[in-house]
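The structure appears right after this line, and notes come after that.
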Amino acid sequence: MNLGKYIDDAVKKYRDLPYMQFYDRTITYGDFSKKINALANALKKQGFKKGDFIHVWVQNSPETLIAYYAIIKIGAVAGPINGWWKAPEVEYLLNDSKGCGLIVEDQYLSIYNEIKDKCPNLKKIIEVSEKPADGHISFAALLAEGDNTPFESDADPEDIAFIFYTSGTTGNPKGVLLSNKNVVADANGINAALNTDENRNFLCFLPLFHVNAMLTCTSALEKGHQIILRKQFSASEFWEVVEKYKVNFWSAVPAVYQILLSDPTRQKFDLSSLEFGICGAAPLTQETMTNFQDTFGIPIVEGYGLTEGTCVSTINPMNGVRKIGSIGLALPGQEVLIVDEHGNEVPTGERGEIVIKGDNVMKGYYNKPEETAKTIIGGYLHTGDVGVKDADGYIFIVDRMKDMIIRGGENIYPKEIDNLLAGHPKISEAATVGVPDKTMGEEVKVFVVAEDDSLTEEEVIEYCKQNLASFKVPKYVEILSEDFPRSPIGKVLKKTLREWGLKGSPTKPKGPEVTVNDIFGTMESRVNPDGVKGITANYGYIITGTGGGEYTVCVSDGRVQVKEGIHSPNVTTTCSAKDWIAITLGKLDGMTAFTSGKLKVEGDMGLLGKATKFFKKYTPPAGGDPVEKGEELIVKKQILSIPQKFSTGPVMGKFLNAFKDKKILANRCPKCGRLQLPPREVCAECVVRAADWVEVGPDGVISIMDVTFYASPDPLTGESRETPYVSAHFLLDGCKGHETLWHELKPEDRDRAKKGDRVRPVWNENRIGAITDILYFELID
Amino acid sequence: MSTATNDCFIVNGKLALPYQYFAGRAGSRFIISLRDEKKIRGLKCQKCGKVFVPPRATCETCFEDICENWVDVKNTGVVTCFTIIRYKEPHQPVDPPYILGLVKLDGADTPLAHIVKGVPLSKMKTGLKVKAVFAKKTTGGIMDIDHFQVVDDKPKFEMGYSYDELEIGMSASFTKTISETDVYLFAGISGDFNPMHMNEEFAKMTPFGTRIAHGALPQSLIAPVLGMKLPGLGTVIPEITVRFKRPTYFGDTITAIGEVVEKIEKKRWVRMELRWTNQKDELVAEGSCLAIPPMPFNK
Amino acid sequence: MKKNRNVGIIGVGQSVFSSHREEVNQPEMIHEAVLEALQHAGMTIGDVDCIVHGNMELFEMIHQPDLWHTLGTGAYGKETLRVTTGGTTGATLCCTADYLVSSGLHDVVLAIGFEKLQEGHTTGGITNMADALWARQLQTGALTGMTAAQVIEEFGEERAKKAAMKYRIIMDKHAMKNKKAHRRLGLEFDQADDLMVNSPALVGELRMIHMCSQSDGACAMIFASEEKAKQFCKQPAWIKDHITVHREESFCLFGDAPVVYSHRYAAEKLFERNGIKNPRKEIDMFEMYDPSSWWGLDWLRQFLLFEGDEHLKMVENDDITIDGSFPVNPSGGVTASNPIGATAMVRVAEAALQIMGDAGDHQVKKTVNQALASGFGGTMWTVLFLLTRNVP
């Protein structure tokens with residue numbers, strides 16, 4: 001059975017039924033076949049022979065498929081060109097395949113013209129357009145040549161039908177050679193697995209230059225389905241198209257399902273024709289699958305395959321158990337095993353590489369025998385994917401082998417973390433990659449796109465801590481401000497994320513890559529000898545969040561030692577890593593952080609103030625804010641002092657002198673009788689001279705207290721008084737209410753004292769006539 | 001009020017004034033130029049053309065932002081105003097007495113206050129030229145210029161009068177006593193051992209009766225007049241004529257005089273009349289010459 | 001208040017407020033504010049007749065900085081006046097400018113208040129301001145826990161602390177909308193409980209989070225006579241009245257003393273003079289000088305002449321938010337930015353901006369017809385300004 005015959009058989013059965021609906025064009029099976037034959041004859045006349053590589057660079061349209069099948073019918077090889085590729089990539093492809101023919105749509109001519117001089121093998125250019133360029137053969141003309149003689153393909157099943165170039169994640173793209181047998185086998189397999197009725201309406205919007213669309217359009221032939229072909233996926237017209245053409249099913253990639261889920265326009269349309277959706281090419285998160293199925297009430301049938309295996313090798317059974325998260329069972333006609341590094345099948349439930357055997361396995365990579373030999377071993381296609389089979393034979397993909405992280409000898413599968421985090425309500429999607437680490441070899445970093453902007457890195461790590469073994473918990477988290485870098489079909493490009501590594505997304509404002517480790521690690525080399533002189537203390541630091549750690553900075557004898565962990569600290573500072581780095585770089589003011597509680601301190605706070613002088617400024621290893629780097633700003637610091645003389649005046653003088661006799665005097669206004677303490681020349685109310693003196697106290701009562709916790713240091717001496725201390729208003733005996741004396745309470749009485757308690761002054765031995773002649777007031781028990 | 005003023009007393013204290021001063025971007029660049037490059041820079045207002053040294057970020061009259069228009073000014077300048085500090089105070093940079101001057105550097109339009117040294121206090125006056133002396137040990141402030149040193153303005157060479165400066169009637173002279181030694185040395189220099197200069201016995205037989213000096217000797221005394229006094233340094237004499245009237249005896253004191261008698265406009269030369277007289281005021285010789293006065297050099 | 005002629009505020013400029021203005025010296029920083037004010041008014045420095053300059057004396061440890069600031073202030077060739085009245089300097093500058101214009105002496109006066117606290121030693125400055133014999137050893141200035149203790153005693157610990165913290169968070173939310181504000185911490189209401197415990201205590205219940213910042217910054221305002229104001233500006237903020245009250249004894253009158261607060265006294269007199277019977281309804285917004293959240297809370301009662309717990313209710317019911325019925329400090333207040341010499345002026349400036357409709361993101365939504373602005377300084381010095389939208 002070759003493809004040509006496959007097509008002809010179908011045409012015989014369904015001649016007058018529509019094969020394709022392309023916008024407003026309807027093409028019956030019969031029409032389709034006629035055009036294929038016409039083109040095949042024309043190509044033959046053009047001189048194309050069996051085995052020639054003829055490339056097709058035409059966007060989704062009937063012409064694309066006609067071209068493919070015509071080429072295959074004459075025994076040549078159809079080579080689709082990816083419509084998203086740019087000049088260098090196409091140039092590479094054409095020179096790798098050395099194809100001699102090209103069927104190209106006019107929209108790609110600009111790229112073609114750029115490279116045509118560098119592609120010497122191309123001999124004939126057939127253009128699909130209204131008005132082909134000079135030297136190009138008109139596709140329409142070829143069709144119109146009119147020779148509808150049925151063309152029977154004499155191809156051998158093993159003859160190559162297609163060469164599909166895969167966009168490699170490592171190195172250059174490779175041409176996958178698919179034989180007639182491959183395509184037919186896989187088409188039969190998918191039809192058997194899906195087991196749909198005949199004549200269903202199938203919506204095809206995936207690009208025909210990938211195997212998925214090619215295979216579904218091919219397999220549709222056998223069932224007499226009608227293909228509703230669209231140029232590309234468009235969310236805005238999607239539901240309208242479903243309603244208009246009564247679409248029964250489609251095949252898509254996960255990104256499509258996610259977009260459809262978020263589209264509200266579906267409410268308007270009648271979607272009752274929908275039966276199911278196929279999903280493949282990239283992992284479908286359980287969340288998306290469940291949401292979609294719940295929202296639309298139709299099942300998603302997830303499958304798996306690769307271009308090297310023609311298209312699909314496993315799928316969840318349509319009418320059987322569909323296991324969420326599984327890629328299903330092997331397609332009829334194929335054998336799918338999980339093997340170890342020696343190629344031996346592993347016990348059920350154990351992880352290993354997924355390998356495939358069957359008629360669908362490619363012939364090989366074009367002109368790359370070594371690569372082919374590495375990929376197809378002993379008849380089995382090695383997929384490079386890590387999977388596990390359950391007792392029922394359902395296969396689950398664990399990860400791409402290339403994406404696996406090896407941390408300190410332990411294998412970590414990033415997908416596990418990705419899937420876990422996708423279930424967090426604030427996370428939209430997560431992608432985990434390995435980043436190089438000196439100690440562990442690799443460390444785990446997860447890039448996250450948040451659903452909710454309030455998501456913090458700490459929350460991500462916390463969530464992982466609760467649900468994963470500790471060695472799997474990511475050390476680094478980066479919340480991206482934009483979407484992931486993606487391939488055209490929506491796959492997250494983990495390769496790019498790995499390149500970003502620790503530095504992070506390039507759209508992030510570029511700061512120096514400072515880590516907490518750097519800061520603590522360089523402390524000993526940045527010690528400022530004047531700052532640490534005379535201090536003996538242990539400073540504990542608990543740095544939380546991604547990239548954090550625990551450290552103790554031990555200061556003694558003018559030297560500093562930084563240890564990991566917390567060791568008998570005199571004062572402990574707690575701060576998040578992000579804030580700590582910002583404070584060290586001067587981007588966040590330490591005082592502000594302290595005030596708003598971002599920086600918490602326990603223990604001797606006075607010691608912490610001294611710590612700011614310990615180290616010279618930390619400069620990040622490279623880069624740094626360009627403004628800060630180039631600009632030096634001159635600052636002049638001085639502590640001047642000027643002597644002061646304060647004249648007490650006679651009233652204050654008398655008052656202070658009375659202290660020498662342990663007397664406290666107040667003066668009284670002759671008019672209103674008000675006392676003033678401390679005494680003033682004039683009564684504030686009556687504005688007359690307060691003439692009389694009255695002795696008050698010396699005992700009294702606490703009127704109102706204030707506990708002061710801070711004390712600013714004297715600028716000249718640098719000393720500050722001990723805290724906390726209590727200042728209070730004391731209402732002395734004889735005074736009525738206004739005239740409180742503002743002084744200090746004995747520190748030891750602080751906790752016991754309250755308003756209304758009786759106090760007495762404690763006098764200084766040496767009294768000179770100053771307010772300090774009273775040391776403080778103490779409670780009278 | 002039973003309060004006597006002797007209740008009043010004084011409390012002594014100390015007021016601490018810790019401060020920081022930020023020079024700002026303009027100020028910092030100025031100081032950094034001083035410190036690192038030993039160059040003085042100012043800022044120019046594009047509108048009014050005023051160059052501010054020390055630089056300011058704004059021109060106060062035009063109210064324009066000028067902080068990018070840096071210009072170099074010279075290290076030399078002129079003292080426009082000064083005072084002498086004689087009292088002592090802890091914040092001074094140097095011990096008194098010292099001169100505090102306002103120095104307007106060449107290229108600047110505003111003066112800069114700084115210490116001036118290099119001249120005795122009593123000789124200090126405005127208008128003196130000064131040059132910046134940079135500090136060996138820098139502190140990142142204006143004292144990175146240590147002081148301004150007064151420079152002597154006199155040129156090493158003072159050229160003679162130029163054509164325009166010469167006036168008819170100007171004269172100059174030179175006097176010297178011709179000794180026996182001069183004559184004998186001159187004989188050696190010139191090779192003229194004529195016995196009338198060398199041999200007294202022979203000279204007795206000449207009309208002069210004793211030895212006499214070579215004529216060229218007294219004649220040469222006009223050279224210092226023309227070449228060093230009038231016109232002076234830089235003069236070239238293309239033509240000189242002399243008529244001898246009397247002999248010069250050993251011990252005679254000869255005065256050579258030159259006087260400007262004509263200015264020749266076409267050639268910008270002068271003609272001078274020359275006379276030689278002795279101690280008796282007798283005319284020893286007379287003559288004239290053409291003199292090419294010195295051209296003013298590029299100042 | 002009897003005036004010769006009306007005075008309108010037609011231009012407001014503020015420099016960036018921050019604690020790290022290291023790249024400018026004092027005149028340059030002032031220049032920023034002056035340029036902005038001139039631009040706002042649509043004038044050049046040549047249109048200004050007189051410059052009034054002020055800050056807290058000696059806070060940068062420099063005397064009479066107005067002399068060497070001429071480069072930044074544009075005072076070259078103009079009449080100038082210096083004002084320094086402690087914390088209220090900014091507001092007193094506005095009073096001075098008002099007197100100069102309303103008297104007829106000048107048509108256009110530029111008032112500038114500034115402070116570069118990073119260059120000085122604020123606590124030293126404040127300490128040196130107080131009576132040498134009494135206050136030097138003990139805490140001075142705005143740092144006192146007595147008001148907090150009073151409020152707690154009157155209304156109960158939980159309610160008082162919650163109200164003070166809510167007030168603080170509302171102020172921060174306002175500051176987040178003000179591009180010029182110094183401290184924008186991004187606080188949320190659900191952090192209140194955490195902050196009440198975690199923010200370090202300074203004095204009594206006064207915590208660091210309640211306290212105002214120390215900022216560098218300058219503010220410039222342009223006052224013009226009625227004729228000139230109408231010529232240059234389509235909606236000037238007219239100065240209806242202002243009053244200055246202070247009491248030296250205040251330092252010893254905290255606590256039980258039954259003496260009228262200078263704030264209440266000022267408010268009573270001002271409202272009486274201008275026929276305002278119900279300030280809560282007749283005033284549309286208030287820029288209050290609130291050195292700490294406790295004082296802000298307490299003085300709300302004094303200024304609005306309340307008794308009882310009206311003021312607490314205003315905070316609890318979100319009346320003081322920008323969208324509330326009586327917005328207080330849409331700029332974030334003094335807790336957000338405090339360059340002392342400029343702070344009181346910023347209050348008047350912000351109130352003026354609200355009337356002019358130029359406050360940007362923190363503009364109050366309703367039309368502001370009457371705005372109140374207060375200044376505060378040592379000895380309970382209160383300056384209260386009444387600004388109106390319509391010509392008085």
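Letters A, B, ... go to the chains of the structure tokens in the order shown; residues in each chain start at 1; ligands are counted from 1 in the same order.
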
Write out as JSON, numbers by chain each polymer residue whose atoms come within 8 Å of range 73-75 of chain C, counting only C-alpha atoms; drop sequence neighbours fewer than 5 positions from it. {"B": [60, 61, 63], "C": [27, 30, 31, 34, 45, 50, 51, 80, 112]}

DSSP-assigned strand (DSSP E) members of range 51-266 of chain B, reported as a VMD selection string: chain B and resid 51 to 52 58 to 59 64 to 65 70 to 73 76 to 85 98 to 105 112 to 117 129 to 134 145 to 150 171 to 177 236 to 244 253 to 264

Chain A near chain B within 8 Å: what's each residue's closest atom pair and its distance in Å to one decimal, counting only C-alpha atoms, ordered by chain then ascending residue number, as JSON lines?
```
{"residue": "A:Glu632", "atom": "CA", "partner": "B:Ser28", "partner_atom": "CA", "distance": 7.1}
{"residue": "A:Leu633", "atom": "CA", "partner": "B:Ser28", "partner_atom": "CA", "distance": 5.4}
{"residue": "A:Ile634", "atom": "CA", "partner": "B:Ser28", "partner_atom": "CA", "distance": 5.0}
{"residue": "A:Val635", "atom": "CA", "partner": "B:Phe22", "partner_atom": "CA", "distance": 4.7}
{"residue": "A:Lys636", "atom": "CA", "partner": "B:Tyr21", "partner_atom": "CA", "distance": 5.0}
{"residue": "A:Lys637", "atom": "CA", "partner": "B:Gln20", "partner_atom": "CA", "distance": 4.4}
{"residue": "A:Gln638", "atom": "CA", "partner": "B:Tyr19", "partner_atom": "CA", "distance": 5.6}
{"residue": "A:Ile639", "atom": "CA", "partner": "B:Pro18", "partner_atom": "CA", "distance": 3.9}
{"residue": "A:Leu640", "atom": "CA", "partner": "B:Leu17", "partner_atom": "CA", "distance": 4.9}
{"residue": "A:Ser641", "atom": "CA", "partner": "B:Ala16", "partner_atom": "CA", "distance": 4.4}
{"residue": "A:Ile642", "atom": "CA", "partner": "B:Leu15", "partner_atom": "CA", "distance": 5.2}
{"residue": "A:Pro643", "atom": "CA", "partner": "B:Lys14", "partner_atom": "CA", "distance": 4.4}
{"residue": "A:Gln644", "atom": "CA", "partner": "B:Gly13", "partner_atom": "CA", "distance": 4.8}
{"residue": "A:Lys645", "atom": "CA", "partner": "B:Asn12", "partner_atom": "CA", "distance": 4.6}
{"residue": "A:Phe646", "atom": "CA", "partner": "B:Val11", "partner_atom": "CA", "distance": 5.0}
{"residue": "A:Ser647", "atom": "CA", "partner": "B:Ile10", "partner_atom": "CA", "distance": 4.6}
{"residue": "A:Thr648", "atom": "CA", "partner": "B:Cys8", "partner_atom": "CA", "distance": 5.7}
{"residue": "A:Gly649", "atom": "CA", "partner": "B:Cys8", "partner_atom": "CA", "distance": 4.9}
{"residue": "A:Pro650", "atom": "CA", "partner": "B:Cys8", "partner_atom": "CA", "distance": 4.3}
{"residue": "A:Val651", "atom": "CA", "partner": "B:Thr3", "partner_atom": "CA", "distance": 6.9}
{"residue": "A:Met652", "atom": "CA", "partner": "B:Cys8", "partner_atom": "CA", "distance": 7.4}
{"residue": "A:Gly653", "atom": "CA", "partner": "B:Cys8", "partner_atom": "CA", "distance": 4.6}
{"residue": "A:Lys654", "atom": "CA", "partner": "B:Asp7", "partner_atom": "CA", "distance": 5.2}
{"residue": "A:Asn657", "atom": "CA", "partner": "B:Asp7", "partner_atom": "CA", "distance": 7.5}
{"residue": "A:Ala690", "atom": "CA", "partner": "B:Met1", "partner_atom": "CA", "distance": 7.8}
{"residue": "A:Ala691", "atom": "CA", "partner": "B:Met1", "partner_atom": "CA", "distance": 4.6}
{"residue": "A:Asp692", "atom": "CA", "partner": "B:Met1", "partner_atom": "CA", "distance": 6.5}
{"residue": "A:Pro715", "atom": "CA", "partner": "B:Pro18", "partner_atom": "CA", "distance": 6.4}
{"residue": "A:Leu716", "atom": "CA", "partner": "B:Ala16", "partner_atom": "CA", "distance": 6.3}
```

Need the shell around Tyr245 in chain A: protein/DNA/RNA residues with any atom at most 12 Å away, counting only C-alpha atoms. Skip same-chain ones fewer than 6 positions apart. Format as a list of chain:residue names? A:Met20, A:Gln21, A:Phe22, A:Tyr23, A:Asp24, A:Thr26, A:Arg200, A:Asn201, A:Phe202, A:Leu203, A:Gln226, A:Ile227, A:Ile228, A:Leu229, A:Arg230, A:Phe238, A:Trp239, A:Phe269, A:Asp270, A:Leu271, A:Ser272, A:Ser273, A:Leu274

Pull N, CA and C atoms from the residues just selected and write them as a compact mmCIF listing (two decimals), in the first residue's frame.
```
# COMPACT_ATOMS: atom_id res chain seq x y z
N MET A 20 -12.83 18.91 1.34
CA MET A 20 -12.25 20.07 1.99
C MET A 20 -13.17 21.27 1.85
N GLN A 21 -13.29 22.02 2.93
CA GLN A 21 -13.99 23.29 2.89
C GLN A 21 -12.96 24.33 3.26
N PHE A 22 -12.54 25.11 2.28
CA PHE A 22 -11.53 26.14 2.54
C PHE A 22 -12.19 27.49 2.37
N TYR A 23 -12.59 28.09 3.49
CA TYR A 23 -13.35 29.34 3.45
C TYR A 23 -14.56 29.12 2.56
N ASP A 24 -14.67 29.80 1.45
CA ASP A 24 -15.92 29.58 0.68
C ASP A 24 -15.75 28.58 -0.47
N THR A 26 -15.55 24.79 -1.75
CA THR A 26 -15.79 23.39 -1.39
C THR A 26 -15.12 22.51 -2.45
N ARG A 200 -17.24 12.64 9.30
CA ARG A 200 -17.35 13.67 10.34
C ARG A 200 -16.70 14.95 9.81
N ASN A 201 -16.96 16.02 10.49
CA ASN A 201 -16.34 17.30 10.12
C ASN A 201 -15.18 17.57 11.05
N PHE A 202 -14.03 17.73 10.43
CA PHE A 202 -12.80 17.87 11.21
C PHE A 202 -12.19 19.25 10.93
N LEU A 203 -11.97 20.00 11.98
CA LEU A 203 -11.43 21.35 11.83
C LEU A 203 -9.91 21.28 11.88
N GLN A 226 -14.80 15.41 6.26
CA GLN A 226 -14.65 16.69 5.59
C GLN A 226 -13.69 17.53 6.44
N ILE A 227 -12.67 18.07 5.76
CA ILE A 227 -11.71 18.90 6.50
C ILE A 227 -12.11 20.36 6.35
N ILE A 228 -12.42 20.97 7.47
CA ILE A 228 -12.62 22.42 7.45
C ILE A 228 -11.23 23.01 7.63
N LEU A 229 -10.67 23.47 6.55
CA LEU A 229 -9.27 23.91 6.61
C LEU A 229 -9.20 25.42 6.82
N ARG A 230 -8.41 25.83 7.77
CA ARG A 230 -8.20 27.27 7.99
C ARG A 230 -6.73 27.56 7.79
N PHE A 238 -12.93 31.22 15.92
CA PHE A 238 -12.98 29.78 16.19
C PHE A 238 -14.38 29.26 16.37
N TRP A 239 -15.10 29.83 17.33
CA TRP A 239 -16.42 29.29 17.65
C TRP A 239 -17.42 29.53 16.53
N PHE A 269 -22.41 31.10 20.54
CA PHE A 269 -22.55 30.13 19.45
C PHE A 269 -23.10 28.79 19.89
N ASP A 270 -23.63 28.10 18.91
CA ASP A 270 -24.17 26.77 19.13
C ASP A 270 -23.05 25.77 18.90
N LEU A 271 -22.60 25.17 19.97
CA LEU A 271 -21.45 24.28 19.86
C LEU A 271 -21.85 22.81 20.03
N SER A 272 -23.10 22.53 19.74
CA SER A 272 -23.59 21.19 20.03
C SER A 272 -22.98 20.11 19.14
N SER A 273 -22.35 20.53 18.03
CA SER A 273 -21.78 19.51 17.14
C SER A 273 -20.49 18.91 17.67
N LEU A 274 -19.88 19.61 18.62
CA LEU A 274 -18.56 19.16 19.09
C LEU A 274 -18.62 17.80 19.78
```

Using only C-alpha atoms, determine which residues of chain C fall within 7 Å of chain B; present them as a list in words.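 The contacting residues on chain C are Glu22, Glu23, Val24, Asn25, Glu28, Glu60, Met61, Thr70, Leu71, Gly72, Gly74, Tyr76, Glu119, Gly120 and His121 of chain C.
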
Point out the residue among C:Gly77, C:Gly333, C:Gly186, C:Gly46 with the least atom-to-atom distance to chain A, counting only C-alpha atoms.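 Looking only at the distances to chain A, the closest residue turns out to be C:Gly186.
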
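For the residues C:Lys234, C:Arg347, C:His210, C:Lys313, ranking by smallest atom-to-atom distance to chain A using only C-alpha atoms places C:His210 first.
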
Which residues are near Lys660 in chain A? Cut-off 7 Å, only C-alpha atoms, ignore same chain within fewer than 2 positions. Put them as a list in words. Asn657, Ala658, Lys662, Arg767, Ile768 and Gly769 of chain A

Kindly export the residues of the current selection with N, CA and C atoms, as a CSV table (one decimal), in the first residue's frame.
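Saved as result_30.csv:
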```
chain,number,residue,atom,x,y,z
A,657,ASN,N,19.6,78.1,92.4
A,657,ASN,CA,20.4,78.2,93.6
A,657,ASN,C,19.8,77.5,94.8
A,658,ALA,N,18.4,77.5,94.8
A,658,ALA,CA,17.7,76.9,95.9
A,658,ALA,C,18.0,75.4,95.9
A,662,LYS,N,18.6,72.0,98.8
A,662,LYS,CA,17.6,70.9,98.6
A,662,LYS,C,16.2,71.5,98.6
A,767,ARG,N,26.0,69.5,94.7
A,767,ARG,CA,25.0,70.3,94.1
A,767,ARG,C,25.6,71.7,93.7
A,768,ILE,N,25.4,72.0,92.4
A,768,ILE,CA,26.0,73.2,91.9
A,768,ILE,C,25.0,74.3,91.4
A,769,GLY,N,23.7,74.0,91.5
A,769,GLY,CA,22.8,75.0,91.0
A,769,GLY,C,22.4,74.7,89.6
```

Just want the 8 Å neighbourhood of range 273-286 of chain B, counted on only C-alpha atoms, with same-chain residues fewer than 5 positions away dropped. Output as a list in words. Pro218, Gln219, Ile222, Val242, Arg243, Phe244, Lys245, Arg246, Pro247, Thr248, Asp252, Thr253, Ile254, Thr255, Ala256, Ile257, Gly258, Glu259, Val260 and Val261 of chain B

Please return as a ChimeraX atom specification: the residues of range 5-212 of chain B that backbone DSSP assigns to helix (DSSP H, G or I). /B:5-7,24-37,121-123,142-144,180-190,195-198,200-203
